[in-house]
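Reviewing the structure listed below.
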Amino acid sequence: MSSYPDPVPLSRGRVAGHVGGFWVGYLVILTVCGLLKGFLPPRVAPLAWGGVSTLGLLGMTFWLLRREGRTAEMVGLRWSATSLRRFVAGLILGAGVYAIILLMTSLIAGPLDISRAVRPTGFALLTVVATTLALGAMEEVGFRAYPLLTLVESLGKWWGQLIVAVAFALTHVLYGWSFSTVALGVFPSALLFGAAAVATRGIACPFGVHVALNLCQWAMGEKGEPGVWHITLGNASEAKVAALAPTIAFIVVSVSAIAVLLGSAWHVRRTSETAA
């Protein structure tokens with residue numbers, strides 16, 4: 001998960017073919033590996049799916065890189081001294097964004113009460129964390145490593161991120177997610193992950209953001225199973241919260257993505273001025 005190198009020249013036709021082919025392979029790998037879930041206990045099936053799919057995606061990435069005469073370092077898939085620090089920074093950013101979403105929802109839609117839920121067992125907690133890491137790695141390798149880097153080099157950071165975000169959203173439509181959930185939740189999250197990748201020139205930070213957001217949602221019981229805490233509406237209207245919460249989350253995540261990009265641009269400009 002090292003820093004991105006200087007751009008590698010690729011024709012736009014080649015970029016379209018390779019990235020498009022990569023995403024077709026992504027769907028094939030996830031579908032084939034998904035067959036494993038039918039032979040495993042439901043609790044560990046997603047973990048196995050995410051882990052095996054990630055290995056398959058890495059294999060496809062390395063095969064493409066070999067054909068192009070490139071290295072894993074060129075798509076941020078090599079560990080470096082700053083990888084862990086960037087991952088932790090991503091965890092902090094993701095948790096912070098989620099906290100702001102809860103705060104703004106409580107202020108705008110009505111007060112939210114947070115209470116302690118049933119404490120999960122150590123095995124359950126370990127399984128959730130491992131599964132979140134595996135699924136997060138699967139999607140980051142599938143979207144923010146080879147595809148994002150290649151598109152950003154060819155089309156620029158804005159178009160590159162937009163295309164990746166749209167592709168990320170469409171895959172969730174294929175998973176069966178509702179359009180509103182994809183439009184207001186998945187798409188802006190993809191922009192935030194992409195912004196973190198471009199700003200830090202690697203995938204460690206967006207991986208951390210991705211993991212943090214999903215773990216926070218699970219911890220608050222928003223993943224369809226009991227978490228560590230439980231959110232109740234207090235005096236808030238359930239209908240009002242249900243109507244406003246997705247829009248609030250969309251705005252907070254989108255603004256966070258823009259802030260990350262602007263902050264990164266400011267830092268680069270300041271560094272250049274200092275060096276001059």
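Residue numbering restarts at 1 in every chain; chains get A, B, ... in the order shown in the structure tokens, and ligands count up from 1 in that same order.
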Residue contacts of A:Ala89 (8 Å, only C-alpha atoms) excluding same-chain residues fewer than 3 positions away, as a short mmCIF file (atom, residue, chain, number, x, y, z; two decimals) with N, CA and C atoms, in the first residue's frame:
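Here's the written file out_5.cif:
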```cif
data_model
loop_
_atom_site.label_atom_id
_atom_site.label_comp_id
_atom_site.auth_asym_id
_atom_site.auth_seq_id
_atom_site.Cartn_x
_atom_site.Cartn_y
_atom_site.Cartn_z
N ARG A 85 0.11 4.02 9.26
CA ARG A 85 -0.29 5.36 9.70
C ARG A 85 -1.45 5.88 8.87
N ARG A 86 -1.42 5.64 7.59
CA ARG A 86 -2.52 6.09 6.72
C ARG A 86 -3.79 5.30 6.99
N ILE A 92 -9.79 6.97 11.70
CA ILE A 92 -10.21 8.17 12.44
C ILE A 92 -11.15 9.02 11.60
N LEU A 93 -10.82 9.19 10.31
CA LEU A 93 -11.67 9.97 9.42
C LEU A 93 -13.05 9.33 9.28
N CYS A 205 -5.45 4.50 3.32
CA CYS A 205 -6.38 5.45 3.96
C CYS A 205 -7.83 5.16 3.59
N GLY A 208 -9.08 2.25 5.47
CA GLY A 208 -9.41 2.58 6.85
C GLY A 208 -10.75 3.27 6.97
#
```
Note to self: Can you tell me which residues surround A:Phe207 at a distance of at most 12 Å, considering only C-alpha atoms, apart from same-chain residues fewer than 4 positions away, and format the answer as an MDAnalysis selection string?
What the structure shows: chainID A and resid 1 76:77 83:94 132:145 189:190 192:197 200 202:203 211:214
Checklist line | Residue among A:Trp266, A:Phe39, A:Trp49, A:Tyr98 lying closest to A:Met220, counting only C-alpha atoms | finding: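 Answer, going by the shortest atom-to-atom distance: A:Tyr98.
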Item checked: Using only C-alpha atoms: which of A:Ala265, A:Val255, A:Ile29, A:Ala109 has the shortest distance to A:Gly50 ->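 Under the stated criterion, the closest residue is A:Ile29.
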Next item on the list: Assign secondary structure with DSSP using the backbone only, and return the residues of stretch 49-253 of chain A in strand (DSSP E or B) as a ChimeraX atom specification.
Entry: /A:113-116,229-232
Using N, CA and C atoms, can you export the residues from the last selection as a PDB file, in the first residue's frame?
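Contents of the output file selection-v3.pdb:
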```pdb
ATOM      1  N   ASP A 113     -31.205   8.822  21.136  1.00  0.00           N
ATOM      2  CA  ASP A 113     -30.653   8.283  22.374  1.00  0.00           C
ATOM      3  C   ASP A 113     -29.830   7.044  22.052  1.00  0.00           C
ATOM      4  N   ILE A 114     -28.651   6.947  22.652  1.00  0.00           N
ATOM      5  CA  ILE A 114     -27.778   5.799  22.440  1.00  0.00           C
ATOM      6  C   ILE A 114     -27.629   5.053  23.758  1.00  0.00           C
ATOM      7  N   SER A 115     -27.966   3.778  23.747  1.00  0.00           N
ATOM      8  CA  SER A 115     -27.877   2.959  24.951  1.00  0.00           C
ATOM      9  C   SER A 115     -27.081   1.693  24.666  1.00  0.00           C
ATOM     10  N   ARG A 116     -26.551   1.095  25.706  1.00  0.00           N
ATOM     11  CA  ARG A 116     -25.746  -0.107  25.559  1.00  0.00           C
ATOM     12  C   ARG A 116     -26.634  -1.296  25.204  1.00  0.00           C
ATOM     13  N   TRP A 229     -24.015  -0.921  20.698  1.00  0.00           N
ATOM     14  CA  TRP A 229     -24.966   0.067  21.196  1.00  0.00           C
ATOM     15  C   TRP A 229     -26.261  -0.018  20.399  1.00  0.00           C
ATOM     16  N   HIS A 230     -27.262   0.680  20.901  1.00  0.00           N
ATOM     17  CA  HIS A 230     -28.574   0.677  20.253  1.00  0.00           C
ATOM     18  C   HIS A 230     -29.077   2.114  20.172  1.00  0.00           C
ATOM     19  N   ILE A 231     -29.512   2.524  18.989  1.00  0.00           N
ATOM     20  CA  ILE A 231     -30.028   3.880  18.789  1.00  0.00           C
ATOM     21  C   ILE A 231     -31.547   3.867  18.922  1.00  0.00           C
ATOM     22  N   THR A 232     -32.059   4.720  19.781  1.00  0.00           N
ATOM     23  CA  THR A 232     -33.504   4.914  19.901  1.00  0.00           C
ATOM     24  C   THR A 232     -33.827   6.362  19.568  1.00  0.00           C
TER      25      THR A 232
END
```
Checklist line | Which of stretch 48-192 of chain A DSSP labels helix (DSSP H, G or I), written as an MDAnalysis selection string | finding: chainID A and resid 48:68 72:75 83:108 122:155 157:174 179:192
Generate a file of the selected residues that holds C-alpha atoms, formatted as an mmCIF file, in the first residue's frame.
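Saved as again18.cif:
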```cif
data_model
loop_
_atom_site.group_PDB
_atom_site.id
_atom_site.type_symbol
_atom_site.label_atom_id
_atom_site.label_comp_id
_atom_site.auth_asym_id
_atom_site.auth_seq_id
_atom_site.Cartn_x
_atom_site.Cartn_y
_atom_site.Cartn_z
ATOM 1 C CA ALA A 48 -14.591 -16.507 3.439
ATOM 2 C CA TRP A 49 -16.203 -14.820 0.431
ATOM 3 C CA GLY A 50 -14.387 -11.550 1.049
ATOM 4 C CA GLY A 51 -11.043 -13.194 1.740
ATOM 5 C CA VAL A 52 -11.032 -15.562 -1.233
ATOM 6 C CA SER A 53 -12.400 -12.878 -3.568
ATOM 7 C CA THR A 54 -9.649 -10.484 -2.478
ATOM 8 C CA LEU A 55 -7.013 -13.085 -3.325
ATOM 9 C CA GLY A 56 -8.602 -13.605 -6.733
ATOM 10 C CA LEU A 57 -8.691 -9.859 -7.409
ATOM 11 C CA LEU A 58 -5.062 -9.498 -6.389
ATOM 12 C CA GLY A 59 -4.145 -12.312 -8.770
ATOM 13 C CA MET A 60 -5.997 -10.600 -11.627
ATOM 14 C CA THR A 61 -4.350 -7.275 -10.766
ATOM 15 C CA PHE A 62 -0.849 -8.761 -10.790
ATOM 16 C CA TRP A 63 -1.578 -10.489 -14.103
ATOM 17 C CA LEU A 64 -2.639 -7.195 -15.687
ATOM 18 C CA LEU A 65 0.358 -5.384 -14.243
ATOM 19 C CA ARG A 66 2.711 -8.004 -15.663
ATOM 20 C CA ARG A 67 1.144 -7.594 -19.103
ATOM 21 C CA GLU A 68 1.598 -3.824 -18.869
ATOM 22 C CA ALA A 72 2.344 -3.645 -7.639
ATOM 23 C CA GLU A 73 3.835 -0.475 -6.211
ATOM 24 C CA MET A 74 2.371 1.450 -9.125
ATOM 25 C CA VAL A 75 -1.162 0.730 -7.914
ATOM 26 C CA SER A 83 0.785 2.365 5.257
ATOM 27 C CA LEU A 84 -0.241 1.665 8.855
ATOM 28 C CA ARG A 85 -0.288 5.363 9.699
ATOM 29 C CA ARG A 86 -2.517 6.092 6.725
ATOM 30 C CA PHE A 87 -4.817 3.214 7.604
ATOM 31 C CA VAL A 88 -5.216 4.552 11.147
ATOM 32 C CA ALA A 89 -5.842 8.044 9.751
ATOM 33 C CA GLY A 90 -8.568 6.536 7.586
ATOM 34 C CA LEU A 91 -10.126 4.843 10.609
ATOM 35 C CA ILE A 92 -10.207 8.174 12.437
ATOM 36 C CA LEU A 93 -11.671 9.974 9.418
ATOM 37 C CA GLY A 94 -14.360 7.349 8.897
ATOM 38 C CA ALA A 95 -15.354 7.289 12.566
ATOM 39 C CA GLY A 96 -15.408 11.088 12.615
ATOM 40 C CA VAL A 97 -17.677 11.278 9.570
ATOM 41 C CA TYR A 98 -20.064 8.771 11.132
ATOM 42 C CA ALA A 99 -20.123 10.716 14.403
ATOM 43 C CA ILE A 100 -20.980 13.910 12.506
ATOM 44 C CA ILE A 101 -23.821 12.100 10.723
ATOM 45 C CA LEU A 102 -25.297 11.029 14.069
ATOM 46 C CA LEU A 103 -24.857 14.510 15.524
ATOM 47 C CA MET A 104 -26.473 16.287 12.573
ATOM 48 C CA THR A 105 -29.322 13.772 12.475
ATOM 49 C CA SER A 106 -29.952 14.327 16.181
ATOM 50 C CA LEU A 107 -29.906 18.112 15.762
ATOM 51 C CA ILE A 108 -32.036 18.296 12.609
ATOM 52 C CA GLY A 122 -15.400 -12.299 21.828
ATOM 53 C CA PHE A 123 -15.823 -14.691 18.908
ATOM 54 C CA ALA A 124 -18.707 -12.675 17.472
ATOM 55 C CA LEU A 125 -16.724 -9.444 17.744
ATOM 56 C CA LEU A 126 -13.651 -11.014 16.154
ATOM 57 C CA THR A 127 -15.748 -12.424 13.320
ATOM 58 C CA VAL A 128 -17.377 -9.055 12.615
ATOM 59 C CA VAL A 129 -14.033 -7.234 12.545
ATOM 60 C CA ALA A 130 -12.392 -9.881 10.344
ATOM 61 C CA THR A 131 -15.360 -9.926 7.964
ATOM 62 C CA THR A 132 -15.402 -6.135 7.719
ATOM 63 C CA LEU A 133 -11.689 -6.118 6.928
ATOM 64 C CA ALA A 134 -12.066 -8.850 4.297
ATOM 65 C CA LEU A 135 -15.033 -7.259 2.538
ATOM 66 C CA GLY A 136 -13.439 -3.812 2.715
ATOM 67 C CA ALA A 137 -10.218 -5.143 1.199
ATOM 68 C CA MET A 138 -12.211 -6.859 -1.550
ATOM 69 C CA GLU A 139 -13.904 -3.630 -2.599
ATOM 70 C CA GLU A 140 -10.848 -1.411 -2.204
ATOM 71 C CA VAL A 141 -8.709 -3.705 -4.361
ATOM 72 C CA GLY A 142 -11.588 -3.900 -6.824
ATOM 73 C CA PHE A 143 -12.076 -0.143 -7.156
ATOM 74 C CA ARG A 144 -9.469 2.101 -5.527
ATOM 75 C CA ALA A 145 -6.267 0.269 -6.536
ATOM 76 C CA TYR A 146 -5.764 -0.630 -10.211
ATOM 77 C CA PRO A 147 -8.969 0.931 -11.614
ATOM 78 C CA LEU A 148 -8.793 4.295 -9.849
ATOM 79 C CA LEU A 149 -5.072 4.819 -10.408
ATOM 80 C CA THR A 150 -5.292 3.924 -14.068
ATOM 81 C CA LEU A 151 -8.311 6.153 -14.695
ATOM 82 C CA VAL A 152 -6.892 9.098 -12.748
ATOM 83 C CA GLU A 153 -3.668 8.916 -14.747
ATOM 84 C CA SER A 154 -5.577 8.913 -18.028
ATOM 85 C CA LEU A 155 -8.583 11.155 -17.340
ATOM 86 C CA LYS A 157 -8.699 12.909 -10.696
ATOM 87 C CA TRP A 158 -12.230 14.275 -11.128
ATOM 88 C CA TRP A 159 -13.375 12.075 -14.009
ATOM 89 C CA GLY A 160 -11.446 9.105 -12.649
ATOM 90 C CA GLN A 161 -13.134 9.315 -9.266
ATOM 91 C CA LEU A 162 -16.576 9.877 -10.790
ATOM 92 C CA ILE A 163 -16.319 6.810 -13.021
ATOM 93 C CA VAL A 164 -15.118 4.630 -10.142
ATOM 94 C CA ALA A 165 -17.881 5.932 -7.863
ATOM 95 C CA VAL A 166 -20.542 5.186 -10.485
ATOM 96 C CA ALA A 167 -19.143 1.689 -11.055
ATOM 97 C CA PHE A 168 -19.040 1.073 -7.299
ATOM 98 C CA ALA A 169 -22.660 2.180 -6.987
ATOM 99 C CA LEU A 170 -23.804 0.027 -9.916
ATOM 100 C CA THR A 171 -22.298 -3.112 -8.394
ATOM 101 C CA HIS A 172 -24.430 -2.542 -5.310
ATOM 102 C CA VAL A 173 -27.482 -2.211 -7.544
ATOM 103 C CA LEU A 174 -26.554 -5.638 -8.910
ATOM 104 C CA PHE A 179 -31.779 2.782 -5.657
ATOM 105 C CA SER A 180 -32.275 5.276 -2.828
ATOM 106 C CA THR A 181 -29.746 3.489 -0.611
ATOM 107 C CA VAL A 182 -27.225 3.376 -3.449
ATOM 108 C CA ALA A 183 -27.771 6.999 -4.495
ATOM 109 C CA LEU A 184 -27.750 8.519 -1.010
ATOM 110 C CA GLY A 185 -25.361 6.132 0.724
ATOM 111 C CA VAL A 186 -23.114 4.050 -1.521
ATOM 112 C CA PHE A 187 -22.342 6.702 -4.154
ATOM 113 C CA PRO A 188 -21.204 9.488 -1.784
ATOM 114 C CA SER A 189 -19.245 6.926 0.237
ATOM 115 C CA ALA A 190 -17.451 5.910 -2.955
ATOM 116 C CA LEU A 191 -16.563 9.562 -3.561
ATOM 117 C CA LEU A 192 -15.142 9.791 -0.036
#
```
Next item on the list: May I ask for the distance between atom CA of A:Trp79 and atom CA of A:Ala204, given in Å to one decimal place?
Entry: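 Straight-line distance from atom CA of A:Trp79 to atom CA of A:Ala204 works out to 9.1 Å.
Straight-line separation from atom CA of A:Val252 to atom CA of A:Gly110: 16.8 Å.
Here the question is which of A:Cys33, A:Ala117, A:Val28, A:Val15 gets nearest to A:Gly227 using only C-alpha atoms, and that residue is A:Ala117.
The smallest atom-to-atom distance between A:Val260 and any of A:Gly25, A:Pro246, A:Pro226, A:Pro206, using only C-alpha atoms, is found for A:Pro206.
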Checklist line | For A:Gly234, the nearest of the candidates A:Gln217, A:Pro111, A:Trp177, A:Ala249, counting only C-alpha atoms | finding: A:Pro111
